[in-house]
Amino acid sequence: MANPDVAKLETIAREGRVEILRMLTHAGSGHPGGSLSVIDILTDLYFNRLRLDPARPQWEDRDRFILSKGHCVPAQYFCMAKRGFFPMDRIVTLRKLGSPLQGHPDRVALPGIEAATGSLGQGISVAVGMALGLKLAGKAARVYCVLGDGETQEGQVWESLMSAPKLGAPNHHLDNLCVVLDYNGIQLDGFVKKILDQAEANKGAPTFIVAHTVKGKGVSFMENDPEWHGKAPKPDEAVRAIREIVGDPVPAWAAPIVAELSAMGKK
């Protein structure tokens, strides 16, 4: 953790962007913009910070992760599959009837998901409660929560953030809680401004990190465009996007995905 392999994390995030486009194209619906902006954050968490055991999703001493902006769960599904929670080929069942990979996180359907989220503004409350519970139980586990910038307009978010530094005091300060804001500047239908050191080293209070991200990062025609908040790419658009992400010629690992999506576009 102290000296992460940044090149390795960048490689994983690049693969994640490709797989996000793949699963959204298969689903025919979903949220590419925020998924592509949050993947860098989730890659660092899942492959550099979170203490997890995919073979024991309910391991008592695991770190907890709450994706409050639940509509961007394709990024989390990729990270979970890459970590070994389930086979990677299952991600193309996103949003399909009966699939555990629902359009928003479902803790009952998929082991490894800590909370059902997507009703924006509620994830931080769950995270604060988990952090307090772990402190009272004497556990060393940490809680990480990723917020979307649009949902910070919810009063529940501010109530949680104001209470977090005070809960558990004086003996159980919630310094096991880290909140990351995916600050990409765009929410559902427009720009947020027109609509309304390491975290583990911080002791005595929760940590709040503002991550300056780009909505739709990696794809020129999606970047910083509100239109791509909740619109899945068509097969030809996905292929074009993937080529931008991985370069041309397409590397061997991405070639089957390009071929798969190209074939979808010809049907």
# chains A, B, ... in the order shown; residues from 1 in each chain; ligands from 1
>>> residues_around(residues="Asp225 in chain A", least_positions_apart="2", cutoff="8 Å", atoms="only C-alpha atoms", output="list in words")
Gly33, Ile186, Lys215, Gly216, Phe221, Met222, Glu223, Glu227, Trp228 and His229 of chain A
>>> residues_around(residues="Glu60 in chain A", least_positions_apart="6", cutoff="12 Å", atoms="only C-alpha atoms", output="ChimeraX atom specification")
/A:51-53,134,137-142
>>> atom_distance(atom1="CA of Ala127 in chain A", atom2="CA of Gly103 in chain A")
20.6 Å
>>> residues_around(residues="range 95-102 of chain A", least_positions_apart="5", cutoff="7 Å", atoms="only C-alpha atoms", output="number ranges by chain")
A: 27, 109-110
>>> write_last_selection(atoms="N, CA and C atoms", output="mmCIF file, in the first residue's frame")
data_model
loop_
_atom_site.group_PDB
_atom_site.id
_atom_site.type_symbol
_atom_site.label_atom_id
_atom_site.label_comp_id
_atom_site.auth_asym_id
_atom_site.auth_seq_id
_atom_site.Cartn_x
_atom_site.Cartn_y
_atom_site.Cartn_z
ATOM 1 N N ALA A 27 -26.023 -5.273 -22.018
ATOM 2 C CA ALA A 27 -27.243 -4.970 -21.260
ATOM 3 C C ALA A 27 -28.189 -4.081 -22.048
ATOM 4 N N ALA A 109 -28.347 -10.751 -3.434
ATOM 5 C CA ALA A 109 -28.104 -11.532 -4.651
ATOM 6 C C ALA A 109 -26.638 -11.846 -4.874
ATOM 7 N N LEU A 110 -25.733 -10.959 -4.414
ATOM 8 C CA LEU A 110 -24.313 -11.121 -4.745
ATOM 9 C C LEU A 110 -23.436 -11.016 -3.505
#
>>> select_by_dssp(residues="range 90-121 of chain A", states="helix (DSSP H, G or I)", output="list in words")
Arg90, Ile91, Val92 and Thr93 of chain A
>>> residues_around(residues="Arg243 in chain A", least_positions_apart="3", cutoff="10 Å", atoms="only C-alpha atoms", output="PyMOL selection string")
chain A and resi 18+219+237-240+246-251+254-255+258
>>> residues_around(residues="Met162 in chain A", least_positions_apart="3", cutoff="12 Å", atoms="only C-alpha atoms", output="compact mmCIF listing (two decimals) with N, CA and C atoms, in the first residue's frame")
# COMPACT_ATOMS: atom_id res chain seq x y z
N ILE A 124 -23.70 6.81 2.55
CA ILE A 124 -22.84 7.35 3.60
C ILE A 124 -23.40 7.03 4.98
N SER A 125 -24.73 7.02 5.12
CA SER A 125 -25.33 6.67 6.41
C SER A 125 -25.01 5.23 6.79
N VAL A 128 -21.30 5.06 7.83
CA VAL A 128 -21.07 5.59 9.18
C VAL A 128 -21.51 4.58 10.22
N GLY A 155 -29.84 16.04 1.74
CA GLY A 155 -29.63 16.42 3.14
C GLY A 155 -29.07 15.30 3.98
N GLN A 156 -29.45 14.07 3.67
CA GLN A 156 -28.97 12.92 4.44
C GLN A 156 -27.46 12.80 4.40
N VAL A 157 -26.85 13.19 3.25
CA VAL A 157 -25.40 13.15 3.14
C VAL A 157 -24.76 14.09 4.15
N TRP A 158 -25.28 15.31 4.21
CA TRP A 158 -24.68 16.31 5.11
C TRP A 158 -24.93 15.97 6.57
N GLU A 159 -26.07 15.40 6.88
CA GLU A 159 -26.32 14.98 8.26
C GLU A 159 -25.32 13.89 8.67
N PRO A 165 -17.77 12.80 12.59
CA PRO A 165 -16.64 13.13 13.47
C PRO A 165 -16.99 13.08 14.96
N LYS A 166 -18.30 13.09 15.27
CA LYS A 166 -18.72 13.13 16.67
C LYS A 166 -19.13 11.78 17.21
N LEU A 167 -19.63 10.91 16.34
CA LEU A 167 -20.09 9.60 16.78
C LEU A 167 -18.94 8.79 17.37
N ALA A 205 -10.28 11.04 13.57
CA ALA A 205 -11.43 11.57 12.84
C ALA A 205 -11.55 10.84 11.50
N PRO A 206 -12.75 10.85 10.90
CA PRO A 206 -12.91 10.25 9.57
C PRO A 206 -12.12 11.04 8.52
N PHE A 208 -12.08 12.48 4.47
CA PHE A 208 -12.89 12.79 3.28
C PHE A 208 -11.94 13.19 2.16
>>> atom_distance(atom1="CA of Gly265 in chain A", atom2="CA of Pro235 in chain A")
5.0 Å
>>> residues_around(residues="Lys135 in chain A", least_positions_apart="4", cutoff="12 Å", atoms="only C-alpha atoms", output="list in words")
Asp61, Val128, Gly129, Met130, Ala131, Lys139, Ala140, Ala141, Arg142, Val143, Leu167, Gly168, Ala169, Pro170, Asn171, His172, His173, Leu174, Asp175, Asn176 and Leu177 of chain A
>>> residues_around(residues="His31 in chain A", least_positions_apart="6", cutoff="8 Å", atoms="only C-alpha atoms", output="PyMOL selection string")
chain A and resi 24+71-72+228-232
>>> write_last_selection(atoms="C-alpha atoms", output="short mmCIF file (atom, residue, chain, number, x, y, z; two decimals), in the first residue's frame")
data_model
loop_
_atom_site.label_atom_id
_atom_site.label_comp_id
_atom_site.auth_asym_id
_atom_site.auth_seq_id
_atom_site.Cartn_x
_atom_site.Cartn_y
_atom_site.Cartn_z
CA LEU A 24 -23.24 -2.11 -20.81
CA HIS A 71 -25.84 3.16 -10.62
CA CYS A 72 -22.10 2.98 -11.36
CA TRP A 228 -23.67 9.61 -21.45
CA HIS A 229 -24.74 9.56 -17.81
CA GLY A 230 -27.34 6.87 -18.35
CA LYS A 231 -27.16 5.76 -22.00
CA ALA A 232 -25.54 2.48 -23.00
#
>>> atom_distance(atom1="CA of Asn48 in chain A", atom2="CA of His104 in chain A")
24.1 Å
>>> closest_residue(among="A:Phe85, A:Trp253, A:Phe78, A:Tyr144", to="Ile39 in chain A", atoms="only C-alpha atoms")
A:Phe78
>>> closest_residue(among="A:Ala13, A:Val126, A:Ala263, A:Cys145", to="Ala75 in chain A", atoms="only C-alpha atoms")
A:Ala13
>>> closest_residue(among="A:Val210, A:Leu132, A:Tyr46, A:Ala115", to="Lys82 in chain A", atoms="only C-alpha atoms")
A:Tyr46
>>> closest_residue(among="A:Gly123, A:Ala7, A:Pro32, A:Arg17", to="Glu244 in chain A", atoms="only C-alpha atoms")
A:Arg17
